[in-house]
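Participant: Please find one structure pasted underneath; my questions will follow.
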Amino acid sequence: MKRRHESNESNGPTDEVEALIEDALTEDVPEKKTKKIDKGQLYKPLSSDELHQLKDAENLFHSNVFKLQITELLNEVQLKGKRISRIHECIKDLKSVLLHLPRGKEHDLGDCSWLPDKVKLPLIDHGRTIKGKFKFLPPIDVQEIGSFSTGTCLRPNPSVDLQLTIPKDFFQPKDYMNHRYIQKRALYLSVIALKLQKQESVQNVKFSYQNGNTLKPILALDYKGEGKEVTFHLHVCPEEGTFKYSRFHINKNNVRQSWFKGQESEEVSPEEPATPHYNTAILQDLTMTSNNQCMKSALHDASSVKEGISLLRIWLQQRELDVGHGGFSGFTMSMYVIYLLSRRKLNKMMSNYQIMRNTLLQLAKENWTEEGPDLCGDKSDPNQPMTDDFQQIFNCVFLDLTGYVNLCSEMTKSTFLRVKHEAELAVKILEDKTVDSFHVLFLMPVKFTRKFEHIFHVTCIEELKNTVDKLNLHDRLLDYGGNYVHTVIPNVMSLLQRALNKRIDLVQIKQYPLKQWDINDSPPSIEDQKVTVGISLNPEFAFSSIDKGPPADSPEAKEFREFWGEKSELRRFKDSSITEAVPWTTEKSMDRRRIICSYVVKEVMKRWAKVTHISYIGDQLDQVLSLPIQSYEKNYVYGTGEEQHSFLMQSYDNLCKVLRNLKDMPLTINSIQGTSPVFRFTEVFPALPATFFYHARVSSDKKDLRLLPQSDKPCPPYTAVTKVICLLEGSGHWPDDKNAFKRIKAALHIKFGEILCDQHDLPVAIDIDHVDVRFEDYVFRLELQYLREIALLKKVTSPDGMVKFVDNDEALRLEQDIKLLPILTSTLHGIQQKFNSFSGSVRLVKRWISSQLLADHVPDIAVELMVAYLYTSPWAQ
Amino acid sequence: MEHKSDSKNHMVINGFTVLQTRFTDQSKTGHYLYVKEHAAKDQDARRPPERTLFVVNIPPYCTKESLRHIFSRFGKILHIHLQDKPTKDLLVNKSQFFPDVQLQKGFKVGYIVFRKPASVETVKQLPFDTPLVISTPKNPVSTGVKKWCDEYEKSRVDVKQLQVEIDTYMQSYDKIVEADKKKAMEQEGVPDEDGWVTVTRHSKKNKAVPRTEAMESKLTEIERKKKQNMELKNFYTFQSRETKRNEIATLRKKFEEDKQRISLMKAARKFKPY
């Protein structure tokens with residue numbers, strides 16, 4: 001019979017069924033933990049609703065549970081009807097206040113001294129004179145836009161975006177030039193802030209930036225009507241037709257160099273650089289109405305699409321991708337879904353799950369850095385910029401409805417690649433039936449600090465000014481209105497990408513949430529910005545101590561030399577190729593090689609960005625794994641212990657050769673397998689070669705060479721033994737009785753020890769169930785075992801002669817030691833080969849657990865398995 | 001609780017005489033031993049009731065040797081047995097290297113077998129206020145580092161002795177196995193009084209399959225499958241109707257269960273993303 005596992009719900013979210021489920025969820029919450037399902041209910045005839053519901057139970061969703069979970073989640077984040085109507089009332093109130101603001105007097109645009117102390121202009125003061133007149137006029141229209149208007153707004157902190165349309169008369173013809181528009185816009189907001197603050201119901205009036213763009217402030221405030229207060233974000237935009245779109249063509253210049261440099265002369269040099277970012281910033285205001293209109297009309301009758309967008313926004317938020325300057329905002333996501341709808345990749349009949357999944361699938365496939373989506377269907381306008389121009393100027397491209405605006409003009413390439421990477425991961429998770437994909441996708445936050453192995457901060461932001469000079473980005477600085485941090489970041493990121501190249505999978509700049517500040521404060525200065533970069537390493541190449549460049553005689557060699565400068569040198573490699581190369585370190589130890597990336601980052605930042613103050617986070621915990629040993633050999637470096645594991649393993653391999661070639665053994669050894677943690681690379685402090693020189697009575701017998709401690713003398717040094725299991729071949733001579741079996745085994749150990757001692761002159765200590773042997777200064781504990789002993793221990797014969805196998809402690813312990821542990825050891829060894837940070841992580845966890853005094857309560861092997869689980873399922877985090 | 005203290009100053013609780021111990025003669029406090037005559041329904045030659053003293057609450061540091069040292073004052077001791085718990089049958093280790101019984105760390109019970117019954121009586125009449133000293137300068141109980149050193153030294157195995165013990169054990173074992181085999185060979189093909197012939201693995205004609213539980217369940221499974229294959233499914237109308245009804249019922253059941261799971265998760269606030 002087909003199981004109802006894959007079952008699901010109808011194509012469009014039929015409200016009936018939705019309601020049915022909702023009722024079931026809200027009303028029938030059982031008092032007891034599990035309610036008995038009524039047998040009679042199960043067999044009653046099908047109603048049409050139910051038939052519908054069961055019949056549509058096809059692969060529309062991931063699984064039935066997944067669908068129910070989504071419904072619950074949406075319930076949790078969507079605004080309820082009552083709250084929505086409250087908010088609408090607030091909007092109405094605020095609207096009437098805004099629309100009836102009195103006109104102001106005319107002032108000079110450059111002179112803000114008339115503004116009272118209660119409010120400061122929300123722009124960073126750059127000291128340039130701005131011409132023009134300012135006269136406040138009330139907005140002609142106030143509209144809700146963005147997520148609230150489309151119903152994709154998320155609790156618990158919903159904010160309502162309001163768009164204030166400034167009348168045409170407010171602007172003068174040449175206002176697009178030289179930041180006049182920017183200044184006017186900021187002044188306009190300041191006046192509104194001032195007036196609104198007088199209102200009783202308005203609280204917490206603050207400024208912030210639209211998408212982190214320091215040219216475009218917005219006003220945030222809480223409006224307290226009846227009930228809970230509502231957070232509003234006020235955006236301003238000019239009336240339709242104030243400026244021509246083509247005036248802001250990305251190849252045109254609207255900020256004159258002479259003005260920017262503070263020169264008085266008004267001369268227009270023939271080669272003024274284009275100001276695409278400045279133009280885009282203004283165009284975004286101009287097209288705000290039409291883009292929002294498009295969004296509203298596309299979404300107003302498609303509730304499942306809206307829900308899909310909400311899900312995607314939760315997904316983005318959990319990954320901290322939608323915040324800050326250059327983030328992949330919820331608005332971008334909504335527009336992308338609309339783009340996919342227009343391209344018929346999605347349709348309105350799809351369920352919310354399908355919308356989400358298909359969007360992620362598409363996102364994983366596309367590369368906006370090469371060919372971005374384009375919402376503009378109408379290409380008839382001859383003034384429209386070429387798509388290729390967009391691709392050349394911007395890192396990522398997503399064209400809006402008008403074809404003039406790049407919706408992700410601020411997004412760096414690395415940010416998009418991160419989003420793409422997350423989308424790929426999400427698709428993989430959805431395909432993997434073994435993961436609780438709901439939890440991983442929507443409930444688990446993926447913090448920046450946990451996503452990236454290495455992180456560094458630029459501690460002295462002012463140094464980035466040097467970067468502008470070094471990389472000759474003055475034109476861009478003009479374009480960004482003097483914000484040198486935003487100017488250099490795309491270039492810095494591509495420098496890092498180029499320098500780290502194969503060593504990394506991802507490099508991303510952290511998007512910090514936007515700041516808000518009181519209206520009577522100055523806006524945060526550029527130096528207050530934080531620059532944090534995360535690096536996700538590619539384990540295959542990240543630790544190579546040398547970067548191999550192009551062959552010496554190739555044309556690329558010159559470029560390579562230029563990039564690395566003195567660091568680059570000609571090298572001859574083992575495969576007899578002579579190439580340019582950058583050697584980073586001569587040290588072989590893992591702990592040094594692990595931070596090679598920091599050398600690369602520091603070098604490239606110093607050389608190309610002139611940034612020297614970097615705090616690099618990557619190896620801070622290494623010292624916990626280090627041992628302050630006195631080196632008894634010259635040049636002996638302990639590092640973080642990985643090498644000591646390998647040294648021991650080499651000795652073990654040599655020992656294996658010896659064991660396999662023993663002559664005269666009564667039974668041959670079938671397999672040899674070490675089971676100590678050291679063979680899994682998980683010993684916190686692996687055994688070091690033993691050296692004996694303390695006072696001790698050594699027994700004279702060569703076959704039992706041990707140091708005996710004496711209470712009045714210092715104790716001989718502790719020598720950790722390393723356990724090795726040797727499985728013996730099968731034979732008919734093994735006895736069937738467990739007591740006899742043990743004695744035969746002991747006899748074999750005696751013989752084994754004697755053979756080792758006689759044939760190879762190795763010091764041994766023979767015991768009943770093992771032989772300790774000192775080999776290459778390590779002590780190995782060899783255990784001879786035979787798998788049938790497990791069965792023998794389990795065997796019970798009932799009075800009537802029936803043979804049963806019953807588990808008991810002794811048998812299970814033996815099974816674990818000689819059967820399971822060897823398998824596990826080789827598996828974990830494999831994990832270490834694949835992920836070379838496994839060893840360090842396990843050992844750190846072990847150290848942590850034992851410093852909590854819990855080591856006796858959590859078995860080592862459990863710790864190892866837990867860490868291994870994290871490595872084998874990367875989304876478990 | 002019965003609490004009796006007579007003129008001779010010895011204290012009896014629930015039939016046990018209470019004895020105080022001190023680790024050394026300087027110690028101010030110590031553990032109490034509770035002793036009485038060993039009494040068992042079954043006669044046991046190794047623990048004759050009238051001569052055996054049953055001791056409870058023997059502290060972990062008190063070894064067989066120190067017990068012998070303390071109690072030999074009251075008469076000659078034949079054996080001392082230490083155990084974790086009192087048992088019906090005495091647990092004895094026959095082998096030096098392959099112990100059948102492992103003593104746990106902690107308080108133990110002991111059986112001290114004296115040569116004369118009078119010794120038991122003497123011990124039972126010991127006064128409460130004169131404590132017994134466990135570690136005396138003559139017979140010290142080793143402690144601390146010295147104890148660990150001794151234990152480590154003791155843990156070494158004398159290989160020669162071990163080999164000898166194994167050899168003797170295996171000889172007797174081989175004899176037993178040989179005898180069993182011989183017996184089986186003799187009985188080969190000989191029916192018992194009901195006429196049944198026992199087949200063993202030594203049989204020449206029919207090698208017997210070992211009679212194990214796994215084998216048994218395998219056979220019953222084969223039988224069950226055979227039976228199932230004989231049945232007709234979806235042959236009559238009522239059968240196919242029944243199958244469909246069951247199918248729907250399972251679907252519904254699954255759905256209901258899913259809903260219950262979700263409501264449990266909801267109760268555990270599993271749906272709050274932030």
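Residues are named by chain letter and number: chains run A, B, ... in the order of the structure tokens, numbers start at 1 in each chain, and ligands are numbered from 1 in the order shown.
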May I ask you to extract the residues of chain A within 6 Å of chain B, using only C-alpha atoms, and to give them as a count of residues only?

Facilitator: 13

Participant: Just the residues within 8 Å of range 129-143 of chain B, please, counting only C-alpha atoms, with nothing from its chain fewer than 3 positions along; format it as a VMD selection string.

Facilitator: chain B and resid 9 to 10 19 to 25 61 to 62 66 to 67 69 to 70 146 to 148

Participant: Quick one: distance from CA of Asp108 in chain A to CA of Ile130 in chain A in Å, one decimal?

Facilitator: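 About the pair CA of Asp108 in chain A and CA of Ile130 in chain A: they are 8.9 Å apart.
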
Participant: Tell me, in Å to one decimal, how far CA of Lys306 in chain A is from CA of Asn352 in chain A.

Facilitator: 7.7 Å

Participant: Please provide the set of residues having any atom within 12 Å of Asp378 in chain A, restricted to only C-alpha atoms, with same-chain residues fewer than 6 positions apart removed, written as a list in words.

Facilitator: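 The filter keeps Gln384, Leu399, Asp400, Leu401, Thr402, Gly403 and Tyr404 of chain A.
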
Participant: Give me, as a list in words, all polymer residues having an atom no more than 9 Å from Leu787 in chain A, counting only C-alpha atoms and skipping those fewer than 6 positions away in the same chain.

Facilitator: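 Counting only the stated atoms, we get Leu727, Leu728, Gly730, Glu815, Ile818 and Lys819 of chain A.
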
Participant: Quick one: DSSP strand (DSSP E or B) residues in range 157-192 of chain A, as a JSON list (two decimals) with N, CA and C atoms, in the first residue's frame?

Facilitator:
[["chain", "number", "residue", "atom", "x", "y", "z"],
["A", 159, "SER", "N", 7.35, 46.70, 9.82],
["A", 159, "SER", "CA", 7.44, 48.13, 9.63],
["A", 159, "SER", "C", 6.68, 48.46, 8.35],
["A", 160, "VAL", "N", 6.02, 49.59, 8.38],
["A", 160, "VAL", "CA", 5.20, 49.99, 7.24],
["A", 160, "VAL", "C", 5.96, 51.06, 6.46],
["A", 161, "ASP", "N", 6.18, 50.79, 5.19],
["A", 161, "ASP", "CA", 6.87, 51.77, 4.36],
["A", 161, "ASP", "C", 5.85, 52.71, 3.74],
["A", 162, "LEU", "N", 6.06, 54.02, 3.92],
["A", 162, "LEU", "CA", 5.18, 55.01, 3.32],
["A", 162, "LEU", "C", 5.97, 55.84, 2.32],
["A", 163, "GLN", "N", 5.33, 56.08, 1.20],
["A", 163, "GLN", "CA", 6.01, 56.87, 0.19],
["A", 163, "GLN", "C", 5.33, 58.23, 0.11],
["A", 164, "LEU", "N", 6.13, 59.30, 0.30],
["A", 164, "LEU", "CA", 5.60, 60.66, 0.24],
["A", 164, "LEU", "C", 5.98, 61.25, -1.11],
["A", 165, "THR", "N", 4.98, 61.62, -1.89],
["A", 165, "THR", "CA", 5.28, 62.17, -3.20],
["A", 165, "THR", "C", 5.40, 63.69, -3.11],
["A", 166, "ILE", "N", 6.58, 64.19, -3.50],
["A", 166, "ILE", "CA", 6.83, 65.64, -3.43],
["A", 166, "ILE", "C", 6.34, 66.26, -4.75]]

Participant: Which residues are close to Ser96 in chain A, i.e. within 12 Å by only C-alpha atoms, leaving aside same-chain residues fewer than 4 positions away? Reply as JSON, numbers by chain.

Facilitator: {"A": [89, 90, 91, 92, 100, 101, 138, 139, 140, 141, 142, 143, 196]}

Participant: Next, write the just-selected residues to a file, as a PDB file, in the first residue's frame, keeping N, CA and C atoms as the atom set.

Facilitator:
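Below you can see out35.pdb, which holds the result:
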ATOM      1  N   GLU A  89      -5.718  52.073  10.148  1.00  0.00           N
ATOM      2  CA  GLU A  89      -6.205  53.291  10.814  1.00  0.00           C
ATOM      3  C   GLU A  89      -5.063  54.265  11.062  1.00  0.00           C
ATOM      4  N   CYS A  90      -3.933  53.707  11.546  1.00  0.00           N
ATOM      5  CA  CYS A  90      -2.762  54.555  11.817  1.00  0.00           C
ATOM      6  C   CYS A  90      -2.322  55.242  10.533  1.00  0.00           C
ATOM      7  N   ILE A  91      -2.270  54.451   9.439  1.00  0.00           N
ATOM      8  CA  ILE A  91      -1.826  55.024   8.176  1.00  0.00           C
ATOM      9  C   ILE A  91      -2.728  56.192   7.789  1.00  0.00           C
ATOM     10  N   LYS A  92      -4.027  55.970   7.994  1.00  0.00           N
ATOM     11  CA  LYS A  92      -4.990  57.008   7.630  1.00  0.00           C
ATOM     12  C   LYS A  92      -4.742  58.288   8.433  1.00  0.00           C
ATOM     13  N   HIS A 100      -1.672  67.606   5.308  1.00  0.00           N
ATOM     14  CA  HIS A 100      -2.084  68.942   5.699  1.00  0.00           C
ATOM     15  C   HIS A 100      -0.994  69.746   6.369  1.00  0.00           C
ATOM     16  N   LEU A 101       0.258  69.360   6.118  1.00  0.00           N
ATOM     17  CA  LEU A 101       1.356  70.153   6.662  1.00  0.00           C
ATOM     18  C   LEU A 101       1.362  71.509   5.975  1.00  0.00           C
ATOM     19  N   PRO A 138       3.836  70.699   1.152  1.00  0.00           N
ATOM     20  CA  PRO A 138       3.351  69.406   1.663  1.00  0.00           C
ATOM     21  C   PRO A 138       3.292  68.371   0.542  1.00  0.00           C
ATOM     22  N   PRO A 139       3.450  67.095   0.892  1.00  0.00           N
ATOM     23  CA  PRO A 139       3.381  66.051  -0.142  1.00  0.00           C
ATOM     24  C   PRO A 139       2.009  66.015  -0.796  1.00  0.00           C
ATOM     25  N   ILE A 140       1.995  65.674  -2.067  1.00  0.00           N
ATOM     26  CA  ILE A 140       0.690  65.626  -2.731  1.00  0.00           C
ATOM     27  C   ILE A 140       0.043  64.259  -2.568  1.00  0.00           C
ATOM     28  N   ASP A 141       0.851  63.299  -2.220  1.00  0.00           N
ATOM     29  CA  ASP A 141       0.264  61.965  -2.050  1.00  0.00           C
ATOM     30  C   ASP A 141       1.076  61.178  -1.024  1.00  0.00           C
ATOM     31  N   VAL A 142       0.372  60.355  -0.252  1.00  0.00           N
ATOM     32  CA  VAL A 142       1.065  59.454   0.677  1.00  0.00           C
ATOM     33  C   VAL A 142       0.528  58.055   0.433  1.00  0.00           C
ATOM     34  N   GLN A 143       1.422  57.141   0.144  1.00  0.00           N
ATOM     35  CA  GLN A 143       0.979  55.787  -0.197  1.00  0.00           C
ATOM     36  C   GLN A 143       1.773  54.759   0.576  1.00  0.00           C
ATOM     37  N   LEU A 196       6.559  66.413  12.528  1.00  0.00           N
ATOM     38  CA  LEU A 196       5.917  65.223  13.088  1.00  0.00           C
ATOM     39  C   LEU A 196       6.239  65.060  14.566  1.00  0.00           C
TER      40      LEU A 196
END

Participant: Would you mind listing what lies within 12 Å of Phe835 in chain A as a PyMOL selection string, with only C-alpha atoms counted and same-chain residues fewer than 6 positions away left out?

Facilitator: chain A and resi 537-543+681+828-829+841-842+867-868+870-872+874

Participant: Could you please determine the separation between CA of Ser837 in chain A and CA of Thr415 in chain A in Å, to one decimal place?

Facilitator: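 Calculated distance between CA of Ser837 in chain A and CA of Thr415 in chain A is 25.7 Å.
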
Participant: Could you tell me, as JSON, numbers by chain, which residues of range 169-260 of chain A DSSP assigns to alpha helix (DSSP H) when given the backbone?

Facilitator: {"A": [180, 181, 182, 183, 184, 185, 186, 187, 188, 189, 190, 191, 192, 193, 194, 195, 196, 197, 257, 258, 259, 260]}

Participant: Save the residues we just selected, C-alpha atoms, as an mmCIF file, in the first residue's frame?

Facilitator:
data_model
loop_
_atom_site.group_PDB
_atom_site.id
_atom_site.type_symbol
_atom_site.label_atom_id
_atom_site.label_comp_id
_atom_site.auth_asym_id
_atom_site.auth_seq_id
_atom_site.Cartn_x
_atom_site.Cartn_y
_atom_site.Cartn_z
ATOM 1 C CA ARG A 180 21.140 69.429 -5.111
ATOM 2 C CA TYR A 181 18.451 66.795 -5.250
ATOM 3 C CA ILE A 182 20.116 64.887 -2.429
ATOM 4 C CA GLN A 183 20.329 67.988 -0.253
ATOM 5 C CA LYS A 184 16.722 68.977 -0.983
ATOM 6 C CA ARG A 185 15.487 65.521 -0.210
ATOM 7 C CA ALA A 186 17.320 65.428 3.113
ATOM 8 C CA LEU A 187 16.076 68.902 4.033
ATOM 9 C CA TYR A 188 12.558 67.910 3.134
ATOM 10 C CA LEU A 189 12.779 64.917 5.461
ATOM 11 C CA SER A 190 14.230 67.086 8.224
ATOM 12 C CA VAL A 191 11.311 69.489 7.989
ATOM 13 C CA ILE A 192 8.854 66.618 8.100
ATOM 14 C CA ALA A 193 10.690 65.111 11.071
ATOM 15 C CA LEU A 194 10.511 68.434 12.850
ATOM 16 C CA LYS A 195 6.806 68.812 12.233
ATOM 17 C CA LEU A 196 5.917 65.223 13.088
ATOM 18 C CA GLN A 197 7.831 65.344 16.329
ATOM 19 C CA GLN A 257 34.470 67.092 -10.825
ATOM 20 C CA SER A 258 35.179 70.780 -10.306
ATOM 21 C CA TRP A 259 32.283 71.066 -7.868
ATOM 22 C CA PHE A 260 33.245 67.914 -6.042
#
